[in-house]
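Trainee: My structure file query_18.txt, compact mmCIF, C-alpha atoms, is below:
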```
# COMPACT_ATOMS: atom_id res chain seq x y z
CA MET Z 1 16.96 11.49 -1.67
CA LYS Z 2 14.79 9.23 -3.80
CA PRO Z 3 11.25 8.51 -2.55
CA PRO Z 4 10.39 4.83 -1.99
CA ILE Z 5 9.19 2.64 -4.84
CA PHE Z 6 6.31 0.22 -4.20
CA GLU Z 7 5.54 -2.59 -6.66
CA THR Z 8 2.43 -4.75 -6.23
CA PHE Z 9 1.57 -8.13 -7.70
CA GLY Z 10 -1.70 -10.02 -7.38
CA CYS Z 11 -5.01 -9.31 -5.75
CA ARG Z 12 -6.89 -6.23 -4.63
CA LEU Z 13 -6.06 -7.05 -1.02
CA ASN Z 14 -2.36 -6.90 -1.85
CA ALA Z 15 -2.91 -3.50 -3.45
CA TYR Z 16 -4.73 -2.37 -0.31
CA GLU Z 17 -1.86 -3.55 1.86
CA THR Z 18 0.68 -1.76 -0.32
CA GLU Z 19 -1.14 1.48 0.44
CA ALA Z 20 -1.10 0.60 4.14
CA MET Z 21 2.67 0.01 3.96
CA ARG Z 22 3.09 3.33 2.18
CA ALA Z 23 1.34 5.03 5.10
CA LEU Z 24 3.23 3.06 7.76
CA SER Z 25 6.59 3.85 6.14
CA ALA Z 26 6.09 7.61 5.71
CA GLY Z 27 9.44 9.33 5.37
CA LEU Z 28 11.20 6.28 4.00
CA GLU Z 29 13.82 7.06 1.35
CA ASN Z 30 15.81 5.17 -1.28
CA THR Z 31 13.90 1.92 -0.70
CA VAL Z 32 12.18 -0.50 -3.05
CA VAL Z 33 9.33 -2.65 -1.69
CA VAL Z 34 7.98 -5.55 -3.77
CA ASN Z 35 4.65 -6.99 -2.57
CA THR Z 36 4.48 -10.45 -4.14
CA CYS Z 37 1.71 -12.87 -5.07
CA ALA Z 38 1.81 -16.66 -4.81
CA VAL Z 39 -1.41 -17.67 -6.55
CA THR Z 40 0.49 -19.34 -9.44
CA ALA Z 41 4.05 -20.42 -10.16
CA GLU Z 42 4.01 -17.84 -12.97
CA ALA Z 43 3.22 -15.06 -10.47
CA VAL Z 44 6.27 -16.02 -8.44
CA ARG Z 45 8.47 -16.14 -11.56
CA GLN Z 46 7.31 -12.67 -12.61
CA ALA Z 47 8.01 -11.29 -9.13
CA ARG Z 48 11.56 -12.65 -9.14
CA GLN Z 49 12.16 -11.26 -12.60
CA ARG Z 50 10.88 -7.85 -11.52
CA ILE Z 51 13.07 -7.89 -8.39
CA ARG Z 52 16.19 -8.37 -10.53
CA LYS Z 53 15.18 -5.51 -12.83
CA LEU Z 54 14.42 -3.18 -9.93
CA ARG Z 55 17.83 -3.90 -8.43
CA ARG Z 56 19.54 -3.03 -11.71
CA GLU Z 57 17.56 0.22 -11.88
CA ASN Z 58 18.14 1.08 -8.19
CA PRO Z 59 21.60 -0.25 -7.29
CA SER Z 60 21.95 1.75 -4.05
CA ALA Z 61 18.41 1.25 -2.71
CA LYS Z 62 17.36 -1.07 0.11
CA LEU Z 63 15.25 -3.78 -1.56
CA ILE Z 64 12.50 -5.35 0.55
CA VAL Z 65 10.37 -8.30 -0.57
CA THR Z 66 7.08 -9.14 1.12
CA GLY Z 67 3.65 -10.59 0.29
CA CYS Z 68 2.36 -14.15 -0.07
CA ALA Z 69 5.26 -15.56 -2.08
CA ALA Z 70 7.73 -14.16 0.45
CA GLN Z 71 5.67 -15.60 3.32
CA ILE Z 72 5.56 -19.07 1.75
CA GLU Z 73 9.13 -19.20 0.42
CA PRO Z 74 11.18 -16.76 2.54
CA GLU Z 75 14.46 -18.63 2.08
CA ARG Z 76 14.11 -18.61 -1.69
CA PHE Z 77 13.74 -14.84 -1.80
CA GLY Z 78 16.28 -14.31 0.97
CA ALA Z 79 18.85 -16.17 -1.14
CA MET Z 80 18.49 -13.72 -4.02
CA PRO Z 81 21.56 -11.44 -4.05
CA GLU Z 82 19.31 -8.51 -5.04
CA VAL Z 83 17.24 -8.74 -1.83
CA ASP Z 84 18.19 -7.05 1.46
CA LEU Z 85 15.14 -7.97 3.57
CA VAL Z 86 12.25 -10.43 3.40
CA LEU Z 87 9.13 -9.44 5.38
CA GLY Z 88 6.23 -11.74 6.20
CA ASN Z 89 2.59 -10.80 5.68
CA LEU Z 90 2.15 -10.14 9.40
CA GLU Z 91 5.32 -8.10 9.77
CA LYS Z 92 4.63 -5.86 6.77
CA MET Z 93 1.49 -4.52 8.46
CA GLN Z 94 3.11 -3.60 11.78
CA ALA Z 95 4.23 -0.07 12.57
CA ASP Z 96 7.12 -1.39 14.69
CA THR Z 97 8.56 -3.14 11.64
CA TRP Z 98 8.75 0.07 9.65
CA ALA Z 99 10.04 2.07 12.60
CA GLY Z 100 13.12 -0.16 12.69
CA ILE Z 101 13.39 -0.87 8.97
CA ASP Z 102 16.73 0.93 8.46
CA ASP Z 103 18.55 -1.64 10.60
CA ALA Z 104 16.61 -4.74 9.49
CA THR Z 105 18.15 -7.28 7.12
CA GLY Z 106 17.77 -10.96 6.32
CA ILE Z 107 14.44 -12.72 6.87
CA LEU Z 108 11.73 -11.43 9.18
CA VAL Z 109 8.91 -13.92 8.68
CA ASN Z 110 6.90 -15.50 11.50
CA ASP Z 111 4.25 -18.24 11.60
CA ILE Z 112 1.24 -16.86 9.71
CA MET Z 113 -0.96 -19.60 11.18
CA ALA Z 114 -0.54 -17.98 14.58
CA ALA Z 115 -2.06 -14.71 13.36
CA THR Z 116 -5.16 -13.51 15.16
CA GLU Z 117 -5.23 -9.80 14.34
CA THR Z 118 -6.74 -8.32 11.19
CA ALA Z 119 -7.65 -4.70 11.76
CA GLY Z 120 -4.44 -3.12 12.99
CA HIS Z 121 -3.71 -1.30 9.75
CA LEU Z 122 -6.99 0.15 8.50
CA ILE Z 123 -6.43 2.95 6.02
CA ASP Z 124 -8.92 5.50 4.80
CA GLY Z 125 -9.34 6.11 1.12
CA PHE Z 126 -7.38 3.51 -0.79
CA GLY Z 127 -8.51 3.58 -4.41
CA THR Z 128 -9.61 6.53 -6.48
CA ARG Z 129 -11.29 9.54 -4.96
CA ALA Z 130 -14.51 7.85 -6.10
CA ARG Z 131 -14.24 4.42 -4.57
CA ALA Z 132 -12.69 3.21 -1.29
CA TYR Z 133 -11.74 -0.33 -0.34
CA VAL Z 134 -12.25 -1.65 3.17
CA GLN Z 135 -10.63 -4.89 4.30
CA VAL Z 136 -13.04 -6.86 6.47
CA GLN Z 137 -11.37 -10.29 6.45
CA ASN Z 138 -8.03 -12.00 5.86
CA GLY Z 139 -6.86 -15.60 5.56
CA CYS Z 140 -8.73 -18.79 4.65
CA ASP Z 141 -9.74 -21.95 6.53
CA HIS Z 142 -10.44 -23.97 3.39
CA ARG Z 143 -7.88 -26.15 1.65
CA CYS Z 144 -8.68 -26.27 -2.05
CA THR Z 145 -6.22 -28.66 -3.66
CA PHE Z 146 -4.84 -26.10 -6.13
CA CYS Z 147 -4.40 -23.22 -3.69
CA ILE Z 148 -1.32 -22.17 -1.72
CA ILE Z 149 -2.82 -18.92 -0.43
CA PRO Z 150 -3.82 -20.13 3.09
CA TYR Z 151 -0.12 -20.71 3.75
CA GLY Z 152 0.58 -17.12 2.77
CA ARG Z 153 -2.39 -15.55 4.53
CA GLY Z 154 -3.03 -17.82 7.50
CA ASN Z 155 -6.36 -18.85 8.94
CA SER Z 156 -9.48 -16.75 8.49
CA ARG Z 157 -9.66 -13.62 10.68
CA SER Z 158 -12.48 -11.09 10.68
CA VAL Z 159 -12.57 -7.37 11.41
CA PRO Z 160 -15.34 -6.72 13.98
CA ALA Z 161 -18.47 -5.17 12.50
CA GLY Z 162 -18.27 -2.07 14.69
CA VAL Z 163 -14.76 -1.30 13.42
CA VAL Z 164 -15.88 -1.72 9.81
CA VAL Z 165 -18.94 0.49 10.26
CA GLU Z 166 -16.93 3.27 11.89
CA GLN Z 167 -14.38 3.23 9.08
CA ILE Z 168 -17.09 3.41 6.43
CA LYS Z 169 -18.72 6.31 8.27
CA ARG Z 170 -15.38 8.15 8.12
CA LEU Z 171 -15.00 7.42 4.42
CA VAL Z 172 -18.52 8.62 3.62
CA GLY Z 173 -17.86 11.70 5.74
CA THR Z 174 -14.86 12.56 3.58
CA GLY Z 175 -16.87 12.31 0.37
CA TYR Z 176 -16.73 8.71 -0.86
CA ASN Z 177 -19.87 7.54 -2.64
CA GLU Z 178 -18.87 3.89 -3.00
CA VAL Z 179 -17.19 1.42 -0.66
CA VAL Z 180 -15.97 -2.05 -1.64
CA LEU Z 181 -15.63 -4.75 1.02
CA THR Z 182 -12.56 -6.92 0.42
CA GLY Z 183 -11.02 -10.06 1.88
CA VAL Z 184 -9.39 -13.37 0.98
CA ASP Z 185 -12.47 -15.51 1.71
CA MET Z 186 -15.25 -12.99 2.18
CA THR Z 187 -18.07 -15.38 2.99
CA SER Z 188 -16.14 -16.76 5.97
CA TRP Z 189 -16.37 -13.35 7.65
CA GLY Z 190 -17.63 -13.63 11.21
CA ALA Z 191 -16.86 -17.30 11.85
CA ASP Z 192 -14.16 -16.33 14.37
CA LEU Z 193 -16.18 -13.55 16.05
CA PRO Z 194 -18.48 -13.93 19.08
CA GLY Z 195 -21.78 -15.41 17.99
CA GLN Z 196 -20.35 -16.27 14.56
CA PRO Z 197 -22.34 -13.65 12.62
CA PRO Z 198 -22.51 -14.29 8.85
CA LEU Z 199 -21.36 -11.84 6.18
CA GLY Z 200 -24.96 -10.86 5.46
CA ASN Z 201 -25.28 -9.45 8.98
CA LEU Z 202 -22.29 -7.18 8.36
CA VAL Z 203 -23.66 -6.02 5.00
CA GLN Z 204 -27.11 -5.25 6.43
CA ARG Z 205 -25.56 -3.49 9.42
CA ILE Z 206 -23.50 -1.24 7.15
CA LEU Z 207 -26.51 -0.37 5.00
CA LYS Z 208 -28.60 0.41 8.08
CA LEU Z 209 -26.03 2.33 10.15
CA VAL Z 210 -24.47 4.30 7.28
CA PRO Z 211 -27.57 5.65 5.52
CA ASP Z 212 -25.54 8.24 3.60
CA LEU Z 213 -23.48 5.57 1.83
CA ALA Z 214 -24.67 5.70 -1.78
CA ARG Z 215 -23.17 2.45 -3.05
CA LEU Z 216 -21.83 -0.68 -1.35
CA ARG Z 217 -20.03 -3.34 -3.34
CA ILE Z 218 -18.71 -6.72 -2.25
CA SER Z 219 -15.75 -8.39 -3.92
CA SER Z 220 -15.40 -12.09 -4.69
CA ILE Z 221 -17.70 -14.44 -2.79
CA ASP Z 222 -18.22 -18.19 -2.53
CA SER Z 223 -21.83 -18.55 -3.68
CA ILE Z 224 -22.44 -21.77 -1.71
CA GLU Z 225 -21.63 -19.85 1.49
CA ALA Z 226 -23.95 -16.92 0.77
CA ASP Z 227 -26.09 -16.75 3.91
CA PRO Z 228 -29.81 -15.81 3.95
CA ALA Z 229 -29.12 -12.26 5.20
CA LEU Z 230 -26.65 -11.66 2.35
CA VAL Z 231 -29.07 -13.05 -0.22
CA GLU Z 232 -31.81 -10.82 1.21
CA ALA Z 233 -29.58 -7.74 0.95
CA ILE Z 234 -28.64 -8.55 -2.65
CA LYS Z 235 -32.29 -9.04 -3.57
CA PHE Z 236 -33.84 -6.04 -1.89
CA ASP Z 237 -31.34 -3.24 -1.19
CA LYS Z 238 -30.57 -1.18 -4.29
CA ARG Z 239 -27.55 0.43 -2.59
CA LEU Z 240 -25.83 -2.96 -2.74
CA MET Z 241 -24.47 -3.03 -6.27
CA PRO Z 242 -25.87 -5.71 -8.64
CA HIS Z 243 -22.42 -7.09 -9.45
CA LEU Z 244 -21.06 -10.28 -7.91
CA HIS Z 245 -17.75 -11.96 -8.64
CA LEU Z 246 -18.08 -15.67 -7.90
CA SER Z 247 -15.34 -18.10 -6.99
CA LEU Z 248 -16.55 -20.94 -9.24
CA GLN Z 249 -13.24 -22.37 -10.59
CA ALA Z 250 -14.83 -25.09 -12.77
CA GLY Z 251 -18.10 -26.29 -14.23
CA ASP Z 252 -17.63 -30.03 -13.92
CA ASN Z 253 -18.66 -31.83 -10.74
CA MET Z 254 -15.79 -34.33 -10.76
CA ILE Z 255 -13.23 -31.56 -11.20
CA LEU Z 256 -14.91 -29.52 -8.46
CA LYS Z 257 -14.65 -32.54 -6.18
CA ARG Z 258 -10.96 -33.00 -7.01
CA MET Z 259 -10.42 -29.30 -6.31
CA LYS Z 260 -12.17 -29.78 -2.91
CA ARG Z 261 -14.62 -27.04 -3.76
CA ARG Z 262 -17.80 -26.93 -1.70
CA HIS Z 263 -20.40 -26.46 -4.43
CA SER Z 264 -21.70 -28.37 -7.44
CA ARG Z 265 -22.33 -26.95 -10.92
CA GLU Z 266 -26.09 -27.29 -10.26
CA GLU Z 267 -25.82 -25.19 -7.09
CA ALA Z 268 -23.90 -22.48 -8.94
CA ILE Z 269 -26.51 -22.34 -11.69
CA GLU Z 270 -29.35 -22.27 -9.12
CA PHE Z 271 -27.73 -19.40 -7.19
CA CYS Z 272 -27.28 -17.28 -10.31
CA ALA Z 273 -30.87 -17.96 -11.41
CA GLU Z 274 -32.23 -16.98 -7.99
CA MET Z 275 -30.23 -13.75 -7.94
CA ARG Z 276 -31.21 -12.84 -11.49
CA ALA Z 277 -34.90 -13.49 -10.79
CA ALA Z 278 -34.73 -11.07 -7.86
CA ARG Z 279 -32.56 -8.45 -9.61
CA PRO Z 280 -32.71 -8.82 -13.38
CA GLU Z 281 -29.95 -6.24 -13.84
CA ILE Z 282 -27.39 -8.26 -11.85
CA VAL Z 283 -24.04 -8.97 -13.54
CA PHE Z 284 -21.81 -11.90 -12.63
CA GLY Z 285 -18.08 -12.31 -12.88
CA ALA Z 286 -16.25 -15.52 -12.06
CA ASP Z 287 -12.85 -17.16 -11.65
CA ILE Z 288 -12.40 -20.29 -13.79
CA ILE Z 289 -9.33 -22.53 -13.99
CA ALA Z 290 -8.57 -24.11 -17.36
CA GLY Z 291 -6.79 -27.47 -17.54
CA PHE Z 292 -6.97 -28.65 -13.94
CA PRO Z 293 -5.23 -32.06 -13.66
CA THR Z 294 -7.30 -34.95 -15.09
CA GLU Z 295 -9.69 -32.53 -16.87
CA SER Z 296 -10.99 -34.30 -19.98
CA ASP Z 297 -12.46 -32.63 -23.06
CA ALA Z 298 -15.96 -33.38 -21.77
CA MET Z 299 -15.15 -31.94 -18.34
CA PHE Z 300 -13.79 -28.79 -19.97
CA GLU Z 301 -16.96 -28.47 -22.06
CA ASN Z 302 -18.92 -28.43 -18.81
CA SER Z 303 -16.93 -25.34 -17.75
CA MET Z 304 -17.62 -23.73 -21.14
CA ARG Z 305 -21.35 -24.45 -20.80
CA LEU Z 306 -21.40 -23.11 -17.24
CA VAL Z 307 -20.56 -19.63 -18.57
CA ASP Z 308 -23.87 -19.52 -20.43
CA GLU Z 309 -25.87 -21.50 -17.89
CA CYS Z 310 -24.88 -19.12 -15.08
CA GLY Z 311 -25.04 -16.08 -17.36
CA LEU Z 312 -21.48 -14.98 -16.54
CA THR Z 313 -20.03 -11.79 -18.00
CA TRP Z 314 -16.71 -10.76 -16.47
CA LEU Z 315 -14.44 -13.83 -16.55
CA HIS Z 316 -11.03 -14.20 -14.89
CA ILE Z 317 -9.42 -17.19 -16.60
CA PHE Z 318 -6.42 -18.95 -15.06
CA PRO Z 319 -4.51 -21.63 -16.97
CA PHE Z 320 -3.73 -24.26 -14.35
CA SER Z 321 -0.29 -23.73 -12.87
CA ALA Z 322 0.93 -26.31 -10.37
CA ARG Z 323 2.07 -24.83 -7.07
CA GLU Z 324 4.64 -26.89 -5.22
CA GLY Z 325 3.23 -27.95 -1.86
CA THR Z 326 -0.38 -28.29 -3.00
CA PRO Z 327 -2.17 -31.65 -3.52
CA ALA Z 328 -3.05 -30.72 -7.12
CA ALA Z 329 0.65 -30.59 -7.97
CA ARG Z 330 0.78 -34.35 -7.37
CA ILE Z 331 -2.14 -35.19 -9.69
CA PRO Z 332 -1.30 -36.22 -13.29
CA PRO Z 333 -1.33 -32.97 -15.29
CA VAL Z 334 -3.03 -32.05 -18.54
CA ASP Z 335 -0.65 -31.39 -21.44
CA GLY Z 336 0.50 -27.77 -21.32
CA ARG Z 337 -0.54 -27.08 -24.93
CA VAL Z 338 -4.04 -28.31 -24.13
CA VAL Z 339 -4.20 -26.11 -21.02
CA LYS Z 340 -3.18 -23.09 -23.08
CA ALA Z 341 -5.76 -23.83 -25.78
CA ARG Z 342 -8.55 -24.29 -23.21
CA ALA Z 343 -7.67 -21.03 -21.50
CA ALA Z 344 -7.77 -19.28 -24.88
CA ALA Z 345 -11.19 -20.79 -25.65
CA LEU Z 346 -12.57 -19.59 -22.30
CA ARG Z 347 -11.14 -16.12 -22.82
CA ALA Z 348 -12.69 -15.92 -26.28
CA LEU Z 349 -16.04 -16.96 -24.84
CA GLY Z 350 -15.62 -14.35 -22.11
CA ALA Z 351 -14.86 -11.63 -24.66
CA ALA Z 352 -17.99 -12.57 -26.60
CA ARG Z 353 -20.06 -12.45 -23.40
CA VAL Z 354 -18.73 -8.99 -22.55
CA ALA Z 355 -19.39 -7.71 -26.07
CA ALA Z 356 -22.98 -8.98 -25.96
CA TYR Z 357 -23.54 -7.49 -22.52
CA LEU Z 358 -22.21 -4.08 -23.53
CA GLU Z 359 -24.34 -3.98 -26.69
CA GLY Z 360 -27.34 -4.74 -24.49
CA GLN Z 361 -26.73 -1.58 -22.45
CA VAL Z 362 -27.10 0.82 -25.38
CA GLY Z 363 -30.13 3.03 -24.90
CA GLN Z 364 -30.32 2.35 -21.18
CA LEU Z 365 -29.86 4.75 -18.28
CA HIS Z 366 -27.18 3.99 -15.70
CA ASN Z 367 -25.97 5.68 -12.56
CA VAL Z 368 -22.24 6.02 -13.28
CA LEU Z 369 -19.64 6.61 -10.59
CA LEU Z 370 -16.92 8.84 -12.02
CA GLU Z 371 -13.39 7.49 -11.38
CA LYS Z 372 -11.72 9.99 -13.73
CA PRO Z 373 -13.08 13.14 -15.42
CA LEU Z 374 -13.82 11.19 -18.61
CA MET Z 375 -14.43 7.67 -17.23
CA GLY Z 376 -16.68 6.01 -14.71
CA ARG Z 377 -18.36 2.67 -14.00
CA THR Z 378 -21.94 1.50 -14.00
CA GLU Z 379 -23.56 -0.40 -11.17
CA GLY Z 380 -22.54 -3.58 -13.01
CA PHE Z 381 -18.91 -2.39 -13.23
CA ALA Z 382 -18.82 -1.66 -16.97
CA GLU Z 383 -16.58 1.25 -17.97
CA VAL Z 384 -18.30 4.33 -19.42
CA VAL Z 385 -16.42 7.09 -21.26
CA PHE Z 386 -17.67 10.66 -21.68
CA GLU Z 387 -16.88 13.34 -24.25
CA GLN Z 388 -16.95 16.12 -21.64
CA PRO Z 389 -15.31 16.04 -18.19
CA GLN Z 390 -17.55 15.05 -15.27
CA PRO Z 391 -17.02 15.57 -11.51
CA VAL Z 392 -14.82 12.78 -10.13
CA GLY Z 393 -16.45 10.92 -7.27
CA GLU Z 394 -19.98 11.91 -8.22
CA VAL Z 395 -22.70 9.52 -9.38
CA VAL Z 396 -24.02 10.79 -12.70
CA ASN Z 397 -27.27 9.69 -14.36
CA THR Z 398 -26.07 8.63 -17.80
CA LEU Z 399 -27.62 7.59 -21.11
CA ILE Z 400 -25.59 4.88 -22.84
CA ARG Z 401 -25.27 5.89 -26.50
CA GLY Z 402 -22.89 3.30 -27.89
CA VAL Z 403 -19.99 0.89 -27.47
CA LYS Z 404 -16.40 1.51 -28.51
CA GLY Z 405 -13.25 -0.43 -27.71
CA GLY Z 406 -14.78 -2.48 -24.92
CA GLN Z 407 -16.24 0.59 -23.18
CA LEU Z 408 -19.67 2.14 -23.12
CA GLU Z 409 -20.10 5.66 -24.49
CA GLY Z 410 -22.25 7.78 -22.21
CA ALA Z 411 -23.81 11.22 -21.98
CA PRO Z 412 -25.09 12.73 -18.74
CA VAL Z 413 -28.79 13.46 -18.49
CA SER Z 414 -30.62 15.71 -16.09
CA SER Z 415 -32.16 14.17 -13.00
CA GLY Z 416 -35.52 14.84 -14.54
CA GLY Z 417 -34.78 12.47 -17.39
```
Could you write out this file's structure as structure tokens?
Mentor:
Amino acid sequence: MKPPIFETFGCRLNAYETEAMRALSAGLENTVVVNTCAVTAEAVRQARQRIRKLRRENPSAKLIVTGCAAQIEPERFGAMPEVDLVLGNLEKMQADTWAGIDDATGILVNDIMAATETAGHLIDGFGTRARAYVQVQNGCDHRCTFCIIPYGRGNSRSVPAGVVVEQIKRLVGTGYNEVVLTGVDMTSWGADLPGQPPLGNLVQRILKLVPDLARLRISSIDSIEADPALVEAIKFDKRLMPHLHLSLQAGDNMILKRMKRRHSREEAIEFCAEMRAARPEIVFGADIIAGFPTESDAMFENSMRLVDECGLTWLHIFPFSAREGTPAARIPPVDGRVVKARAAALRALGAARVAAYLEGQVGQLHNVLLEKPLMGRTEGFAEVVFEQPQPVGEVVNTLIRGVKGGQLEGAPVSSGG
């Protein structure tokens, strides 16, 4: 029989959960599982298109659709003739669901807002043999006007610190040198736990209680919610990687207000300056939306200027895409051609920033974590390629000799220099 096919759209957390489903459904045959994303209308369109293609390629398979788009619009996916079963984001993570999957059809989606559990499906070792991802949080309590994700993920839920620490100890014990903490709204971690500990407490606890962990990385954070303990860890603990991806979304204060973001452009600039003063090698990424409704040329220029004023390198640019059911979908939109042109301008600026950053690394030494025999990543997440194979999973002291095709060219050097 044919082994199951898993297709994943969207974020790193979705990819993590696909691996969890793969583990929960061990032994499953002749089944296609599509884990959807709902962050934009385009993401939903692509998922539906892919579902139709997968059905044509696998006419006899059981086709299951899950993920955020399925959670938010179960009837829409359930009405597709290609789909046999729609699973909610809670149900896809439950062993009981997969135990009875052969007999399940229709729509199995419950109220995500009633969810209280987060840690029932921890998996060890998702990622490469070099880097493991650990989910510490799910859901979001904020209601940004452009975002549908809280309705797909539910309210914020945190994995207790002790559970996280024990999992990381297991991962380090099996040979992982780097762990990445992931979640939907990372800086809200702890708000639902006794005593409401902030994310920084979790990070410092991991670094203290897992001394053999070589590298800890945190995924996207909301800079305005970075607590003093987190800032202290970023500043002073070299095992916490100097790479932060910031949820900025825009560089104009009026647009930020209309998005219901919780920071101003000045606060974003101040945060980046403070972090760079403490760790000059720090590298920032950021999410920025181009063409949010009512965005004028001057407002857009503020977003362009923010890239330089914050010193951003790795940009994720999203052309605004109205999601039905969000307040932003009811605001007068920017012309689609203008949105497309602004997104292109931001991407071009981002490409120039990356090119300048990479050129600046030539001649420097970096500790590179090998993901593949001929490729690894620096502390700042730049890709490094090697001429000779290196041990996957090891951290190799590397001299950067050049730049080619958006990657650094590196050569290992002895620990003595």
Trainee: Using all atoms listed in the file, find all polymer residues with an atom at most 7 Å away from the point (-26.2, 0.3, -6.9); report them as a compact mmCIF listing (two decimals) with C-alpha atoms, in the frame of the given file.
Mentor:
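As a result, out_14.txt now contains:
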```
# COMPACT_ATOMS: atom_id res chain seq x y z
CA ARG Z 215 -23.17 2.45 -3.05
CA LYS Z 238 -30.57 -1.18 -4.29
CA ARG Z 239 -27.55 0.43 -2.59
CA LEU Z 240 -25.83 -2.96 -2.74
CA MET Z 241 -24.47 -3.03 -6.27
CA PRO Z 242 -25.87 -5.71 -8.64
CA GLU Z 379 -23.56 -0.40 -11.17
```
Trainee: Can you work out which one of Z:Ser220, Z:Asn110, Z:Thr8, Z:Thr40 has the shortest atom-to-atom distance to Gly67 of chain Z, counting all atoms listed in the file?
Mentor: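 Among Z:Ser220, Z:Asn110, Z:Thr8, Z:Thr40, it is Z:Thr8 that comes nearest to Gly67 of chain Z.
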Trainee: Which residue gives the smallest distance to Asp308 of chain Z among Z:His243, Z:Gln204, Z:Ala341, Z:Gly285, with all atoms listed in the file counted?
Mentor: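 That would be Z:Gly285, the residue with the smallest distance to Asp308 of chain Z.
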Trainee: Applying 8 Å and all atoms listed in the file, which residues near Gln135 of chain Z remain after dropping the ones on its own chain fewer than 4 positions away? List them as a list in words.
Mentor: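 After dropping sequence-adjacent residues, the list is Leu13, Tyr16, Leu122, Val159, Leu181, Thr182 and Gly183 of chain Z.
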Trainee: For the selection you just gave me, I'd like the residues written to a file as a short mmCIF file (atom, residue, chain, number, x, y, z; two decimals), keeping the file's coordinate frame, keeping C-alpha atoms.
Mentor:
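File produced: again25.cif:
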```
data_model
loop_
_atom_site.label_atom_id
_atom_site.label_comp_id
_atom_site.auth_asym_id
_atom_site.auth_seq_id
_atom_site.Cartn_x
_atom_site.Cartn_y
_atom_site.Cartn_z
CA LEU Z 13 -6.06 -7.05 -1.02
CA TYR Z 16 -4.73 -2.37 -0.31
CA LEU Z 122 -6.99 0.15 8.50
CA VAL Z 159 -12.57 -7.37 11.41
CA LEU Z 181 -15.63 -4.75 1.02
CA THR Z 182 -12.56 -6.92 0.42
CA GLY Z 183 -11.02 -10.06 1.88
#
```
Trainee: Between Z:Asp252, Z:Glu383, Z:Glu7, Z:Glu73, which is the closest to Arg22 of chain Z once you count all atoms listed in the file?
Mentor: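 Closest candidate: Z:Glu7.
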Trainee: Extract, using all atoms listed in the file, all DNA, RNA and protein residues at most 10 Å from Met304 of chain Z, discarding same-chain residues fewer than 4 positions from it, and format them as a PyMOL selection string.
Mentor: chain Z and resi 250-252+288+290+298-300+308-309+342+345-346+349-350
Trainee: Any idea what's packed within 12 Å of Ser296 of chain Z, counting all atoms listed in the file, ignoring anything in its chain fewer than 3 positions away? Could you give it as JSON, numbers by chain?
Mentor: {"Z": [252, 254, 255, 290, 291, 292, 293, 299, 300, 301, 302, 303, 332, 333, 334, 335, 338, 339, 342]}
Trainee: At what distance in Å, to one decimal, does atom CA of Met275 of chain Z lie from atom CA of Lys235 of chain Z?
Mentor: 6.7 Å
Trainee: Extract segment 46-69 of chain Z from the preceding block and save C-alpha atoms as a PDB file, in the first residue's frame.
Mentor:
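Here's the written file result04.pdb:
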```pdb
ATOM      1  CA  GLN Z  46      -3.292  27.871  -3.004  1.00  0.00           C
ATOM      2  CA  ALA Z  47      -4.383  25.198  -0.521  1.00  0.00           C
ATOM      3  CA  ARG Z  48      -7.637  24.570  -2.390  1.00  0.00           C
ATOM      4  CA  GLN Z  49      -5.779  24.374  -5.684  1.00  0.00           C
ATOM      5  CA  ARG Z  50      -3.313  21.889  -4.218  1.00  0.00           C
ATOM      6  CA  ILE Z  51      -6.135  19.760  -2.764  1.00  0.00           C
ATOM      7  CA  ARG Z  52      -7.675  19.381  -6.235  1.00  0.00           C
ATOM      8  CA  LYS Z  53      -4.327  18.388  -7.735  1.00  0.00           C
ATOM      9  CA  LEU Z  54      -3.604  15.875  -4.979  1.00  0.00           C
ATOM     10  CA  ARG Z  55      -7.002  14.272  -5.528  1.00  0.00           C
ATOM     11  CA  ARG Z  56      -6.303  13.888  -9.251  1.00  0.00           C
ATOM     12  CA  GLU Z  57      -2.930  12.312  -8.454  1.00  0.00           C
ATOM     13  CA  ASN Z  58      -4.336  10.051  -5.697  1.00  0.00           C
ATOM     14  CA  PRO Z  59      -7.883   9.114  -6.763  1.00  0.00           C
ATOM     15  CA  SER Z  60      -8.265   6.206  -4.303  1.00  0.00           C
ATOM     16  CA  ALA Z  61      -6.685   7.852  -1.244  1.00  0.00           C
ATOM     17  CA  LYS Z  62      -8.512   9.239   1.783  1.00  0.00           C
ATOM     18  CA  LEU Z  63      -7.997  13.015   1.625  1.00  0.00           C
ATOM     19  CA  ILE Z  64      -7.922  14.874   4.955  1.00  0.00           C
ATOM     20  CA  VAL Z  65      -7.759  18.662   5.276  1.00  0.00           C
ATOM     21  CA  THR Z  66      -6.698  20.335   8.517  1.00  0.00           C
ATOM     22  CA  GLY Z  67      -4.870  23.457   9.723  1.00  0.00           C
ATOM     23  CA  CYS Z  68      -5.964  27.059  10.265  1.00  0.00           C
ATOM     24  CA  ALA Z  69      -7.968  27.484   7.060  1.00  0.00           C
TER      25      ALA Z  69
END
```
